Every structure is written in C-alpha cells, then in structure tokens.
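Text of structure-v4.txt (compact mmCIF, C-alpha atoms) as supplied:
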```txt
# COMPACT_ATOMS: atom_id res chain seq x y z
CA MET A 1 0.00 0.00 0.00
CA SER A 2 1.56 3.22 -1.17
CA ASN A 3 -0.10 5.42 1.42
CA VAL A 4 1.32 3.62 4.43
CA LYS A 5 3.63 6.00 6.24
CA ILE A 6 6.79 4.63 7.75
CA PRO A 7 7.65 6.23 11.08
CA ASP A 8 11.26 6.93 11.97
CA PRO A 9 11.53 6.33 15.72
CA ASP A 10 14.75 8.36 15.88
CA PHE A 11 13.16 11.50 14.44
CA ALA A 12 11.39 12.63 17.61
CA LYS A 13 14.53 11.88 19.58
CA SER A 14 16.61 13.99 17.21
CA ILE A 15 14.26 16.96 17.77
CA ILE A 16 14.42 16.49 21.53
CA ASP A 17 18.21 16.18 21.46
CA ALA A 18 18.50 19.36 19.38
CA GLY A 19 16.63 21.33 22.07
CA GLY A 20 12.95 20.52 21.51
CA LYS A 21 12.67 18.92 24.92
CA THR A 22 8.97 19.68 25.31
CA LEU A 23 7.84 17.74 22.22
CA ASP A 24 6.70 14.75 24.29
CA LEU A 25 4.52 16.91 26.52
CA CYS A 26 1.89 17.55 23.84
CA TYR A 27 -1.40 15.77 24.57
CA GLN A 28 -3.09 16.85 21.36
CA CYS A 29 -5.71 19.22 22.77
CA GLY A 30 -5.61 21.40 19.63
CA THR A 31 -5.40 24.78 21.38
CA CYS A 32 -2.47 25.55 19.04
CA THR A 33 -4.54 24.89 15.92
CA GLY A 34 -7.40 26.99 17.31
CA SER A 35 -5.00 29.88 17.95
CA CYS A 36 -3.06 29.76 14.69
CA PRO A 37 -3.70 32.59 12.20
CA SER A 38 -2.21 30.49 9.36
CA GLY A 39 -4.70 27.72 10.05
CA ARG A 40 -7.68 30.07 9.70
CA THR A 41 -7.49 30.24 5.94
CA THR A 42 -5.48 27.15 5.02
CA ALA A 43 -5.33 23.44 5.78
CA PHE A 44 -2.31 23.93 8.05
CA ARG A 45 -2.89 22.29 11.43
CA THR A 46 -0.29 22.91 14.12
CA ARG A 47 -1.56 20.05 16.29
CA GLN A 48 -1.19 17.64 13.40
CA LEU A 49 2.35 18.79 12.65
CA ILE A 50 3.36 18.22 16.27
CA ARG A 51 1.68 14.79 16.30
CA LYS A 52 3.53 13.79 13.15
CA ALA A 53 6.76 14.87 14.80
CA GLN A 54 6.00 12.77 17.88
CA LEU A 55 5.27 9.77 15.68
CA GLY A 56 8.43 10.27 13.64
CA LEU A 57 6.72 10.82 10.28
CA LYS A 58 9.85 12.50 9.01
CA ASP A 59 9.16 11.97 5.31
CA ASP A 60 5.79 13.62 5.72
CA ILE A 61 7.19 16.64 7.49
CA LEU A 62 10.53 17.61 6.00
CA PRO A 63 9.48 18.14 2.36
CA SER A 64 6.14 19.70 3.32
CA GLU A 65 4.86 23.20 2.73
CA ASP A 66 3.25 23.03 6.17
CA LEU A 67 6.60 23.46 7.84
CA TRP A 68 6.89 26.94 6.31
CA MET A 69 3.35 28.20 7.04
CA CYS A 70 4.23 29.37 10.55
CA THR A 71 4.91 33.10 10.95
CA THR A 72 6.42 32.42 14.41
CA CYS A 73 3.73 34.60 16.02
CA TYR A 74 3.79 32.52 19.22
CA SER A 75 -0.03 32.56 19.65
CA CYS A 76 0.11 28.78 20.11
CA VAL A 77 3.03 28.91 22.52
CA GLU A 78 1.30 31.53 24.68
CA ARG A 79 -1.81 29.37 25.04
CA CYS A 80 -0.39 25.83 25.15
CA PRO A 81 -1.53 24.26 28.44
CA ARG A 82 1.51 21.95 28.38
CA ASP A 83 4.12 24.63 27.66
CA VAL A 84 5.23 22.91 24.50
CA GLU A 85 7.76 25.15 22.75
CA ILE A 86 5.97 24.75 19.44
CA VAL A 87 7.77 27.51 17.52
CA ASP A 88 11.19 26.27 18.65
CA ILE A 89 10.26 22.76 17.53
CA ILE A 90 9.07 23.99 14.13
CA ILE A 91 12.34 25.91 13.72
CA LEU A 92 14.40 22.82 14.57
CA MET A 93 12.44 20.81 11.99
CA ARG A 94 13.00 23.58 9.42
CA ASN A 95 16.74 23.32 10.13
CA MET A 96 16.50 19.57 9.44
CA ALA A 97 14.56 20.20 6.23
CA VAL A 98 17.19 22.68 5.01
CA GLN A 99 19.92 20.13 5.79
CA LYS A 100 18.07 17.76 3.45
CA GLY A 101 18.05 20.42 0.75
CA TYR A 102 14.46 21.63 1.13
CA LEU A 103 15.00 25.38 0.82
CA ALA A 104 12.85 27.68 -1.31
CA GLU A 105 14.66 29.74 -3.95
CA GLU A 106 13.30 32.95 -2.39
CA HIS A 107 14.88 31.95 0.91
CA ARG A 108 18.18 31.13 -0.80
CA LYS A 109 18.16 34.70 -2.10
CA VAL A 110 17.85 36.09 1.42
CA GLY A 111 20.77 33.89 2.46
CA ARG A 112 22.86 35.17 -0.46
CA SER A 113 22.09 38.76 0.50
CA LEU A 114 23.47 38.08 3.97
CA LEU A 115 26.63 36.59 2.48
CA LYS A 116 27.06 39.62 0.25
CA ILE A 117 26.23 42.62 2.45
CA GLY A 118 25.41 41.26 5.92
CA HIS A 119 21.82 42.48 5.58
CA THR A 120 18.57 40.97 4.33
CA VAL A 121 17.80 43.90 2.00
CA PRO A 122 20.07 45.97 -0.26
CA ALA A 123 20.47 49.74 -0.26
CA SER A 124 19.39 51.87 -3.23
CA ASP A 125 20.68 55.21 -4.52
CA LYS A 126 17.32 56.84 -3.79
CA LEU A 127 17.47 55.59 -0.24
CA LYS A 128 21.04 56.81 0.22
CA GLN A 129 20.00 60.27 -0.95
CA LEU A 130 17.13 60.28 1.52
CA ARG A 131 19.48 59.25 4.35
CA VAL A 132 21.89 62.05 3.49
CA SER A 133 19.06 64.61 3.22
CA MET A 134 18.10 63.75 6.81
CA GLY A 135 21.65 64.16 8.09
CA LEU A 136 22.37 60.43 8.27
CA THR A 137 25.40 58.78 6.65
CA ALA A 138 24.70 57.52 3.10
CA ASP A 139 25.25 53.96 4.30
CA PRO A 140 24.45 52.91 7.86
CA PRO A 141 27.62 52.22 9.92
CA THR A 142 27.20 48.46 9.55
CA THR A 143 28.70 45.60 7.52
CA ILE A 144 27.45 47.42 4.42
CA ALA A 145 29.98 50.23 4.97
CA ASP A 146 32.80 48.25 6.54
CA PRO A 147 34.69 45.65 4.45
CA LYS A 148 36.58 44.26 7.45
CA ALA A 149 33.35 43.76 9.40
CA MET A 150 31.76 42.17 6.34
CA ALA A 151 34.71 39.78 5.99
CA ASP A 152 34.28 38.79 9.67
CA PHE A 153 30.53 38.33 9.25
CA ARG A 154 31.12 36.11 6.26
CA LYS A 155 33.88 34.15 7.92
CA ILE A 156 31.47 33.20 10.70
CA MET A 157 29.02 31.93 8.06
CA GLU A 158 31.79 29.89 6.48
CA LYS A 159 32.74 28.38 9.82
CA THR A 160 29.17 27.34 10.61
CA GLY A 161 28.69 25.92 7.11
CA PHE A 162 25.98 28.42 6.18
CA GLU A 163 27.47 29.31 2.84
CA LYS A 164 27.55 25.67 1.78
CA LEU A 165 24.11 25.06 3.26
CA ILE A 166 22.39 27.65 1.09
CA GLY A 167 24.28 26.52 -2.00
CA GLY A 168 27.07 29.10 -2.08
CA ALA A 169 27.09 32.84 -2.57
CA MET B 1 25.68 48.51 32.37
CA ALA B 2 25.24 52.28 32.54
CA ALA B 3 21.61 53.38 32.40
CA ASP B 4 22.19 56.55 30.38
CA LYS B 5 23.75 55.02 27.30
CA PHE B 6 22.82 52.38 24.80
CA ALA B 7 24.41 50.68 21.82
CA LEU B 8 21.98 51.41 19.00
CA PHE B 9 21.26 48.32 16.94
CA LEU B 10 19.94 49.35 13.53
CA GLY B 11 19.11 46.05 11.85
CA CYS B 12 18.21 45.99 8.15
CA VAL B 13 14.75 47.36 7.36
CA ALA B 14 14.93 50.60 9.36
CA PRO B 15 18.23 51.96 7.97
CA LEU B 16 17.78 50.51 4.46
CA ARG B 17 14.04 51.02 3.84
CA TYR B 18 12.65 53.50 6.38
CA PRO B 19 15.56 55.67 7.55
CA GLY B 20 13.09 58.07 9.19
CA ILE B 21 12.71 55.46 11.92
CA GLU B 22 16.47 55.54 12.55
CA LYS B 23 16.61 59.35 12.43
CA ALA B 24 13.63 59.84 14.74
CA THR B 25 15.06 57.30 17.22
CA ARG B 26 18.40 59.11 17.32
CA GLU B 27 16.71 62.49 17.88
CA LEU B 28 14.28 61.11 20.45
CA PHE B 29 16.91 59.46 22.64
CA LYS B 30 19.27 62.42 22.32
CA ALA B 31 16.49 64.71 23.54
CA LEU B 32 15.92 62.36 26.48
CA GLY B 33 19.59 62.65 27.47
CA TYR B 34 20.79 59.25 26.35
CA ASP B 35 24.17 58.67 24.78
CA LEU B 36 23.53 56.40 21.80
CA ARG B 37 26.71 54.61 20.74
CA GLU B 38 27.23 53.27 17.23
CA MET B 39 27.53 49.52 16.80
CA THR B 40 30.10 49.92 14.04
CA GLY B 41 30.30 46.86 11.82
CA ALA B 42 27.15 45.19 13.16
CA GLY B 43 25.12 43.21 10.62
CA CYS B 44 21.70 41.63 10.41
CA CYS B 45 20.43 40.55 13.86
CA PRO B 46 20.13 37.89 12.09
CA ALA B 47 16.49 37.68 11.09
CA PRO B 48 14.64 35.17 13.27
CA GLY B 49 12.24 33.90 10.62
CA VAL B 50 14.74 33.20 7.89
CA VAL B 51 18.26 32.71 9.27
CA ARG B 52 17.16 30.90 12.43
CA SER B 53 14.88 28.70 10.33
CA PHE B 54 17.75 27.78 8.02
CA ASP B 55 20.43 27.12 10.62
CA GLN B 56 20.15 27.93 14.29
CA ALA B 57 23.92 27.61 14.89
CA THR B 58 24.64 30.33 12.31
CA TRP B 59 21.88 32.51 13.72
CA LEU B 60 23.32 32.19 17.20
CA ALA B 61 26.92 32.90 16.17
CA LEU B 62 25.99 36.01 14.17
CA ALA B 63 23.77 37.27 17.00
CA ALA B 64 26.64 36.71 19.44
CA ARG B 65 28.90 38.77 17.19
CA ASN B 66 26.44 41.67 17.37
CA LEU B 67 26.14 41.30 21.15
CA ALA B 68 29.94 41.29 21.47
CA ILE B 69 30.12 44.62 19.57
CA ALA B 70 27.75 46.17 22.14
CA GLU B 71 29.57 44.56 25.06
CA LYS B 72 32.83 46.12 23.94
CA GLN B 73 31.11 49.52 24.10
CA GLY B 74 30.05 48.76 27.68
CA CYS B 75 26.40 49.27 26.76
CA ASP B 76 23.12 47.46 26.74
CA VAL B 77 21.56 47.07 23.30
CA LEU B 78 18.70 49.27 22.13
CA THR B 79 16.59 47.75 19.34
CA ILE B 80 13.98 49.53 17.22
CA CYS B 81 12.55 46.41 15.56
CA ASN B 82 10.63 43.45 16.96
CA GLY B 83 12.59 41.01 14.81
CA CYS B 84 15.98 42.33 15.97
CA PHE B 85 14.68 42.40 19.54
CA GLY B 86 13.41 38.82 19.21
CA SER B 87 16.63 37.45 17.76
CA LEU B 88 19.08 39.28 20.01
CA TYR B 89 17.00 38.80 23.15
CA GLU B 90 16.52 35.08 22.62
CA ALA B 91 20.09 34.43 21.49
CA ASN B 92 21.33 36.36 24.50
CA HIS B 93 19.08 34.33 26.79
CA MET B 94 20.39 31.05 25.36
CA LEU B 95 24.01 32.16 25.70
CA GLN B 96 23.57 33.48 29.23
CA GLU B 97 21.78 30.33 30.39
CA ASP B 98 24.12 27.78 28.86
CA PRO B 99 27.86 28.22 29.51
CA ALA B 100 28.72 25.25 27.26
CA LEU B 101 26.85 26.85 24.36
CA LEU B 102 28.53 30.21 25.00
CA LYS B 103 31.92 28.47 24.91
CA LYS B 104 31.04 26.79 21.63
CA VAL B 105 29.92 30.08 20.07
CA ASN B 106 33.01 31.85 21.38
CA ALA B 107 35.19 29.28 19.62
CA ILE B 108 33.62 30.54 16.36
CA LEU B 109 33.92 34.22 17.35
CA ALA B 110 37.60 33.65 18.16
CA GLU B 111 38.15 33.06 14.44
CA VAL B 112 37.44 36.77 13.91
CA GLY B 113 39.16 37.90 17.10
CA MET B 114 35.98 38.47 19.10
CA LYS B 115 34.51 37.19 22.33
CA TYR B 116 31.13 37.53 24.06
CA GLU B 117 31.00 37.30 27.82
CA GLY B 118 27.22 37.42 28.24
CA LYS B 119 27.10 40.79 29.99
CA VAL B 120 24.68 42.86 27.94
CA ARG B 121 20.95 43.21 28.22
CA VAL B 122 18.84 43.55 25.07
CA ARG B 123 16.08 46.15 25.24
CA HIS B 124 13.24 47.18 22.95
CA PHE B 125 13.02 50.96 22.65
CA ALA B 126 9.31 50.95 23.56
CA ASP B 127 10.15 49.09 26.79
CA VAL B 128 12.77 51.74 27.62
CA LEU B 129 10.30 54.57 26.94
CA PHE B 130 7.57 52.95 29.02
CA ASN B 131 9.57 51.55 31.92
CA ASP B 132 12.71 53.72 32.17
CA VAL B 133 11.67 57.14 30.86
CA GLY B 134 8.04 57.11 31.96
CA ILE B 135 5.10 59.35 31.32
CA GLU B 136 6.22 62.42 33.32
CA LYS B 137 9.58 62.88 31.65
CA MET B 138 8.20 61.98 28.26
CA LYS B 139 5.35 64.46 28.44
CA GLN B 140 7.80 67.27 29.22
CA LYS B 141 9.32 66.67 25.79
CA PHE B 142 6.08 66.77 23.86
CA THR B 143 5.31 70.14 22.32
CA ARG B 144 2.74 69.19 19.72
CA PRO B 145 -0.45 67.57 21.02
CA LEU B 146 -1.71 64.89 18.65
CA ASP B 147 -5.41 64.20 18.34
CA TYR B 148 -5.27 61.28 15.92
CA LYS B 149 -7.37 58.16 16.22
CA VAL B 150 -5.05 55.26 15.52
CA ALA B 151 -4.85 51.48 15.34
CA VAL B 152 -1.94 50.15 17.34
CA HIS B 153 -0.12 47.03 16.07
CA TYR B 154 2.10 45.33 18.66
CA GLY B 155 3.63 42.76 16.36
CA CYS B 156 4.57 39.36 17.73
CA HIS B 157 8.15 39.51 18.92
CA PHE B 158 7.86 42.65 21.06
CA THR B 159 6.07 40.87 23.91
CA ARG B 160 6.19 37.19 22.96
CA PRO B 161 7.17 34.70 24.11
CA THR B 162 5.99 36.42 27.31
CA LYS B 163 7.49 33.64 29.43
CA LEU B 164 10.91 34.92 28.38
CA LYS B 165 10.28 38.64 27.98
CA HIS B 166 7.99 39.53 30.90
CA LEU B 167 7.03 42.83 29.31
CA ASP B 168 3.27 42.71 29.05
CA ASP B 169 0.16 40.55 29.23
CA PRO B 170 0.09 37.88 26.50
CA GLU B 171 -3.58 38.34 25.59
CA ARG B 172 -4.25 41.96 26.55
CA PRO B 173 -1.07 43.98 26.18
CA HIS B 174 -1.32 47.67 27.10
CA ILE B 175 2.17 49.20 26.87
CA LEU B 176 1.89 50.40 23.30
CA ASP B 177 -1.66 51.72 23.73
CA GLU B 178 -0.48 53.78 26.69
CA LEU B 179 2.66 55.03 24.92
CA VAL B 180 0.51 56.21 22.03
CA GLU B 181 -2.03 57.88 24.29
CA TRP B 182 0.69 59.84 26.12
CA THR B 183 0.87 61.95 22.95
CA GLY B 184 -2.83 62.80 23.10
CA ALA B 185 -3.72 60.34 20.33
CA LYS B 186 -6.48 57.80 20.90
CA SER B 187 -5.73 54.09 20.52
CA LEU B 188 -8.83 52.53 19.02
CA PRO B 189 -10.01 49.09 20.08
CA TYR B 190 -10.39 46.79 17.08
CA ALA B 191 -11.10 43.14 16.43
CA ASP B 192 -8.20 40.70 16.55
CA LYS B 193 -5.74 43.39 17.55
CA ASN B 194 -2.99 40.95 18.58
CA MET B 195 -2.93 39.14 15.27
CA CYS B 196 0.35 38.90 13.36
CA CYS B 197 0.94 41.12 10.26
CA GLY B 198 1.86 38.01 8.23
CA ALA B 199 5.46 38.91 7.39
CA GLY B 200 7.35 36.88 9.98
CA GLY B 201 8.74 33.37 10.00
CA GLY B 202 10.08 33.76 6.47
CA VAL B 203 6.51 33.82 5.15
CA ARG B 204 6.73 37.22 3.41
CA SER B 205 9.83 36.27 1.42
CA ARG B 206 8.63 32.75 0.61
CA ASP B 207 4.96 33.36 -0.14
CA GLY B 208 4.07 37.05 -0.25
CA LYS B 209 0.47 36.40 -1.29
CA PHE B 210 -0.15 34.24 1.74
CA ALA B 211 1.45 36.85 4.03
CA LEU B 212 -0.98 39.41 2.60
CA THR B 213 -3.99 37.37 3.75
CA PHE B 214 -2.93 38.18 7.33
CA THR B 215 -2.31 41.82 6.47
CA GLU B 216 -5.70 42.20 4.81
CA ALA B 217 -7.49 40.57 7.75
CA LYS B 218 -5.89 43.13 10.07
CA LEU B 219 -6.46 46.08 7.74
CA LYS B 220 -10.13 45.20 7.43
CA ASN B 221 -10.52 45.44 11.20
CA MET B 222 -8.52 48.67 11.39
CA LYS B 223 -10.57 50.23 8.61
CA ALA B 224 -13.81 49.20 10.33
CA VAL B 225 -12.98 51.54 13.24
CA ASN B 226 -11.82 54.34 10.91
CA ALA B 227 -8.19 54.33 12.04
CA GLN B 228 -6.30 57.36 10.68
CA PHE B 229 -2.91 55.71 11.10
CA ILE B 230 -1.39 52.36 11.95
CA ILE B 231 1.19 52.69 14.73
CA ASP B 232 3.84 49.97 14.96
CA VAL B 233 7.08 49.31 16.82
CA CYS B 234 8.69 47.14 14.15
CA PRO B 235 10.05 48.19 10.73
CA PHE B 236 9.22 44.76 9.30
CA CYS B 237 5.54 44.94 10.31
CA HIS B 238 5.74 48.57 9.09
CA LEU B 239 6.98 47.39 5.67
CA GLN B 240 4.35 44.68 5.49
CA PHE B 241 1.50 47.13 6.14
CA ASP B 242 2.94 49.97 4.07
CA ARG B 243 3.98 48.02 0.97
CA GLY B 244 1.25 45.45 1.41
CA GLN B 245 -1.48 48.02 0.91
CA LYS B 246 -0.17 48.71 -2.61
CA ASP B 247 -1.40 45.22 -3.51
CA LEU B 248 -4.65 45.46 -1.57
CA PRO B 249 -7.20 47.65 -3.36
CA GLY B 250 -9.40 49.67 -1.04
CA TYR B 251 -6.82 50.19 1.68
CA ASP B 252 -4.67 53.29 2.19
CA ILE B 253 -4.06 53.69 5.92
CA PRO B 254 -0.69 55.42 6.49
CA VAL B 255 1.77 53.58 8.70
CA ILE B 256 3.86 55.30 11.39
CA HIS B 257 6.51 53.77 13.63
CA LEU B 258 6.30 54.86 17.28
CA ALA B 259 9.69 56.62 17.06
CA GLN B 260 8.30 58.72 14.19
CA LEU B 261 5.11 59.46 16.15
CA TYR B 262 7.17 60.56 19.15
CA GLY B 263 9.37 62.66 16.88
CA LEU B 264 6.26 64.37 15.62
CA ALA B 265 4.92 64.95 19.14
CA MET B 266 8.29 66.44 20.12
CA GLY B 267 8.04 68.91 17.29
CA LEU B 268 10.75 67.48 15.04
CA PRO B 269 10.50 68.83 11.50
CA GLU B 270 8.69 66.48 9.13
CA SER B 271 11.92 66.25 7.12
CA SER B 272 13.42 64.31 10.04
CA LEU B 273 10.73 61.65 9.90
CA GLY B 274 11.60 60.30 6.45
CA LEU B 275 7.95 60.07 5.43
CA GLU B 276 8.79 60.19 1.72
CA ALA B 277 10.06 56.60 2.02
CA HIS B 278 6.50 55.47 2.78
CA GLU B 279 4.44 53.95 -0.02
CA ILE B 280 1.16 55.04 1.54
CA LYS B 281 1.34 58.81 1.71
CA VAL B 282 1.40 60.15 5.25
CA THR B 283 -0.55 63.39 5.56
CA LEU B 284 -0.19 64.83 9.03
```

The structure given in the file should be rewritten as structure tokens.
Amino acid sequence: MSNVKIPDPDFAKSIIDAGGKTLDLCYQCGTCTGSCPSGRTTAFRTRQLIRKAQLGLKDDILPSEDLWMCTTCYSCVERCPRDVEIVDIIILMRNMAVQKGYLAEEHRKVGRSLLKIGHTVPASDKLKQLRVSMGLTADPPTTIADPKAMADFRKIMEKTGFEKLIGGA
Amino acid sequence: MAADKFALFLGCVAPLRYPGIEKATRELFKALGYDLREMTGAGCCPAPGVVRSFDQATWLALAARNLAIAEKQGCDVLTICNGCFGSLYEANHMLQEDPALLKKVNAILAEVGMKYEGKVRVRHFADVLFNDVGIEKMKQKFTRPLDYKVAVHYGCHFTRPTKLKHLDDPERPHILDELVEWTGAKSLPYADKNMCCGAGGGVRSRDGKFALTFTEAKLKNMKAVNAQFIIDVCPFCHLQFDRGQKDLPGYDIPVIHLAQLYGLAMGLPESSLGLEAHEIKVTL
C-alpha cells in the first residue's frame, strides 16, 4: 500500500536532542490549531504537525509546505496548556529540512544577500539620498559600509557551514 | 551597564528602507539625554524567521557577534525592531543560560578575534520609553499635542514569548496603547488586535500572497474603526502594512513607527521623519 507511512523512531529523539525537549509533553488538545492565524485560511494544522513529529513521520514533514506556514507569532506557545515550545520545535524541523536540501529559492536569495552585504535587503541610490538629506550617513555604519566587518561576518558563516548550506554565494 | 547610554542596533529594514525610523530614534533618545553609541560593523540581527529557520547555529553565532560589539562599548543594546529584539534577546538568553553553548559560540567568534561574555541586556526601545523614561519625563518633551485616532499594532516579537520577555500581558497587552495615548492620540479598540501582520517566519519572502492574507485581515478590522494611522514598533511589520497596501485595493491607511510618532509629538520637522520613504502617503 503506497499510502502507508513509515515512522522513523529516531526522528522525535533527534528533535528532543537538538533542544525541543517539550515535544513529548503535547497531549493533542488542539489549542495551538485553534490559535493559529495560518490555520484560519489554510489546511495547516499545528496540532497535526506536532503529532507527526512525535510519531516520527519524518518523510511527511521535511518536504512539506506546512513546515513553512508558521509566521512564528507565538499565539500557540502563549496558550499551550503543556508549555510545548511549538515555535522552537518547528524551527528545529526547518533546520533539518534545510539540511536535506528543502530550501525555497526565495529563501536562498535572502541567504545570499546576507553573504554579500550582511543584511537581508540591499540599499538603493534613492534611499542613500534620503538618508543624506536627513543628516544620516549615506550607508548605515554596519557591515554594508565596513569591508573588514563584512569579511568577519562572512567568515562566521563559512565556519558554521551556512554558505555551503544555502548553496554558495 | 550604565543606564544613560545604549548601543543602538539598527538592523536591516529601518536603515535601508525607512531611515526616518532611525533618524527619529536618534533624535528622540538624544532629547531624552541618552548617549547612543554606534555599533560599528554590526550586521543583520540575524532575522529570526529566515536565518534561524535555516540554521540555528549560524543565527546564534551572528547574534553573538552583534552582542559582542555592544559589550565592547560597555552598553546594553537598544533595538527599534521586533525582529531584531526577538533574535538578540533570545540568542542572549540562550548564551547566558548555557555556559557550554557560550563556549562553543566563542570558539567561532575567536576566528574573527571576538569574544562575548554574556554581559549585555537587550532592550526594545518601547520598553525603555515605558519603563525607564516614563510618562512624566516623556510628556515634558512633547510640544505638539496629537489628536489622531489610531490602530496600534504590537507585532509578535515585542512581547512574545511572554514567558521569556515579561514585558506585558500575553492576551491583553497595554504598553503600546499607553505610549501612544501619552501623545494625546487615541488608541482605538479593534477586532483581533494581537494578530500577526503576516510577514514573519520567512513567510513574506517565501509566499508574499499568503502573508498578505494576514495583512488584509488586520487592515479590514482597522478600517472598520476608521483608524487614521497604523502605529507599529517594528520596521518589518511597518513594511508589510505599508507596501502590502499597494497590492490590496481599497486600503490606504498610512503607517507610522512609534519613534516617528514621538518625533512628531516632540516637534521634530517632518523632514526628520523620512515620510517620503513610505508607499502610503502620510498626511499629518
């Protein structure tokens, strides 16, 4: 039967070991789903995602769109009667998905921007002019204006494997 | 750390999209007698929704680098963005609570000749205004009474997770409403006020149309109470509401960051508020 899902018993353990220690505490009440703004207009169900994680349905979770529906608003975390750190667990599973190569092109672009200028968004000439007209420096005094700082920023990303992870600069 | 100085953390969206937020913050804190130090060479916080989602170890190391820059200045960090506040506050919490993790991160920072000792505190500017400056001192600085009726948007990472941040009530926050009303403006009640703008968690960059469904739901409720402005404390929420309305016919509520509103109440010239960077025209 093609729709039989094979659980990976080590998956839940790997989440717990990575810092998602509260995963086992979930008793499936569904308060998270009822609080989730993403779930209002889509089929995303937080409770279901957490249950799949507990069961070790790794192949269901890691390639899924569901994993990226969360805006990390913490509505679920604030209301969870078991103090399950739902957002932290989702983030850990996203890290695992990215390790497996599941990373949207749009997200790769954000990663490349960080590698290039140390910021998520680029500057524009119009913006620089506006900054100067207000008495600010044309570039903010950050990595964008400081080659040495940018080299350090990038070196840290090399050391942690980020550059390789997002598929290079 | 000294109470009269802060290391100003700029982040990405404020300096590179809405520099009026940066300018107004600098003027506001100068007028209040604070010494704002530059965090020269700081980078992205890094963004909690994207970078942390891709690789938490990278997120933590880059956040630690930013914290180390502030620590060297002998200052606590002042943030003007919920995302920066969220990332730096949570990374700082993890590093301060776990000496083994701090050691691991410092091994990476050592590669660029830096070290973080876990000494700084990360603050949100609205927290500083509410809890350190207070209504009496703030009101002395206001010269222009504002009589606007506005919709306040807290954004998610200012107060949440409340278990870590202890700033306000999780379901009925009041800090931002009060800060706005100190100026004379009226903070309107509206349905689903605590809902997210839709931008966070990497959702805006990955699926902008989906993010806009959140934005539209909020705008609908703000419009229903005839809000003249949206007041936020986060440049990313600010961007989502301001640019989002270009793609949402029927909505044109101008968006103002609290630092800009306070600049206005203090009588700063409009040219210091950077309103021309806004997509939705701000008519004061």

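For the set A:Arg94, A:Arg154, A:Lys116, A:Arg108, the residue with the smallest atom-to-atom gap to chain B is A:Arg94, counting only C-alpha atoms.
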
Best match for closeness to B:Pro19 among A:Ala149, A:Ile156, A:Phe162, A:Ser133, counting all atoms listed in the file |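 For B:Pro19, the nearest of the candidates is A:Ser133.
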
Report as JSON, numbers by chain the set of chain B residues whose atoms approach chain A to within 8 Å, with distances computed over only C-alpha atoms.
-> {"B": [11, 12, 13, 15, 16, 17, 19, 20, 23, 38, 39, 40, 41, 42, 43, 44, 47, 49, 50, 51, 52, 53, 54, 55, 56, 57, 58, 61, 62, 108, 109, 111, 112, 156, 157, 160, 161, 162, 170, 195, 196, 198, 199, 200, 201, 202, 203, 205, 206, 214, 271, 272, 274, 277]}

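For B:Asp252, the residues within 9 Å (counting only C-alpha atoms, excluding itself and residues fewer than 4 positions away along the chain) are Asp242, Gln245, Lys246, Leu248, Ile280 and Lys281 of chain B.
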
Considering only C-alpha atoms, state which residue in the set B:Ala70, B:Val255, B:Ala63, B:Leu176 is at the smallest distance from B:His93.
->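 The closest residue to B:His93 is B:Ala63.
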
Pick out the residues sitting within 12 Å of B:His174, and hand them over as a PyMOL selection string; count only C-alpha atoms, and ignore anything fewer than 3 positions along from it in its own chain.
-> chain B and resi 126-127+130+152-154+159+167-171+177-181+187+189+193-194

Output C-alpha atoms for every residue in the selection just made, as a short mmCIF file (atom, residue, chain, number, x, y, z; two decimals), in the coordinates of the input.
```cif
data_model
loop_
_atom_site.label_atom_id
_atom_site.label_comp_id
_atom_site.auth_asym_id
_atom_site.auth_seq_id
_atom_site.Cartn_x
_atom_site.Cartn_y
_atom_site.Cartn_z
CA ALA B 126 9.31 50.95 23.56
CA ASP B 127 10.15 49.09 26.79
CA PHE B 130 7.57 52.95 29.02
CA VAL B 152 -1.94 50.15 17.34
CA HIS B 153 -0.12 47.03 16.07
CA TYR B 154 2.10 45.33 18.66
CA THR B 159 6.07 40.87 23.91
CA LEU B 167 7.03 42.83 29.31
CA ASP B 168 3.27 42.71 29.05
CA ASP B 169 0.16 40.55 29.23
CA PRO B 170 0.09 37.88 26.50
CA GLU B 171 -3.58 38.34 25.59
CA ASP B 177 -1.66 51.72 23.73
CA GLU B 178 -0.48 53.78 26.69
CA LEU B 179 2.66 55.03 24.92
CA VAL B 180 0.51 56.21 22.03
CA GLU B 181 -2.03 57.88 24.29
CA SER B 187 -5.73 54.09 20.52
CA PRO B 189 -10.01 49.09 20.08
CA LYS B 193 -5.74 43.39 17.55
CA ASN B 194 -2.99 40.95 18.58
#
```

If you measure from atom CA of A:Ile61 to atom CA of A:Asp8, what distance in Å do you get, rounded to one decimal?
->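 Pair atom CA of A:Ile61 / atom CA of A:Asp8 returns 11.4 Å.
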
Could you state the separation of atom CA of B:Tyr190 and atom CA of B:Ile231 in Å, given to one decimal place?
->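 These two atoms are separated by 13.2 Å.
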
Out of B:Met94, B:Arg37, B:Lys72, B:Asp192, which residue has the shortest atom-to-atom distance to B:Leu164 when counting only C-alpha atoms?
->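 Looking at the shortest contact to B:Leu164, the residue is B:Met94.
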
Point-to-point distance in Å for atom CA of B:Ala265 and atom CA of B:Val225 |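 Atom-to-atom, atom CA of B:Val225 to atom CA of B:Ala265, that is 23.1 Å.
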
Find the residue from B:Arg123, B:Gly118, B:Leu101, B:Asn66 that sits nearest to B:His166; use only C-alpha atoms when measuring.
-> B:Arg123

Sphere at (3.7, 41.0, 7.4), radius 7 Å, counting all atoms listed in the file: residues as a PyMOL selection string | chain B and resi 197-200+204+211-212+215+236-237+240-241

Centre and edges of the stretch 128-144 of chain B box, axis-aligned, 4 Å extra per side, as JSON:
```
{"center_x": 7.8, "center_y": 60.8, "center_z": 26.5, "size_x": 18.0, "size_y": 26.6, "size_z": 21.6}
```

Selection near A:Ser14, 12 Å with only C-alpha atoms, sequence-local residues under 2 positions removed, as a list in words =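 In the requested form, the answer reads Asp8, Pro9, Asp10, Phe11, Ala12, Ile16, Asp17, Ala18, Gly19, Gly20, Lys21, Leu23, Ala53, Gln54, Gly56, Lys58, Ile89, Leu92, Met93, Asn95 and Met96 of chain A.
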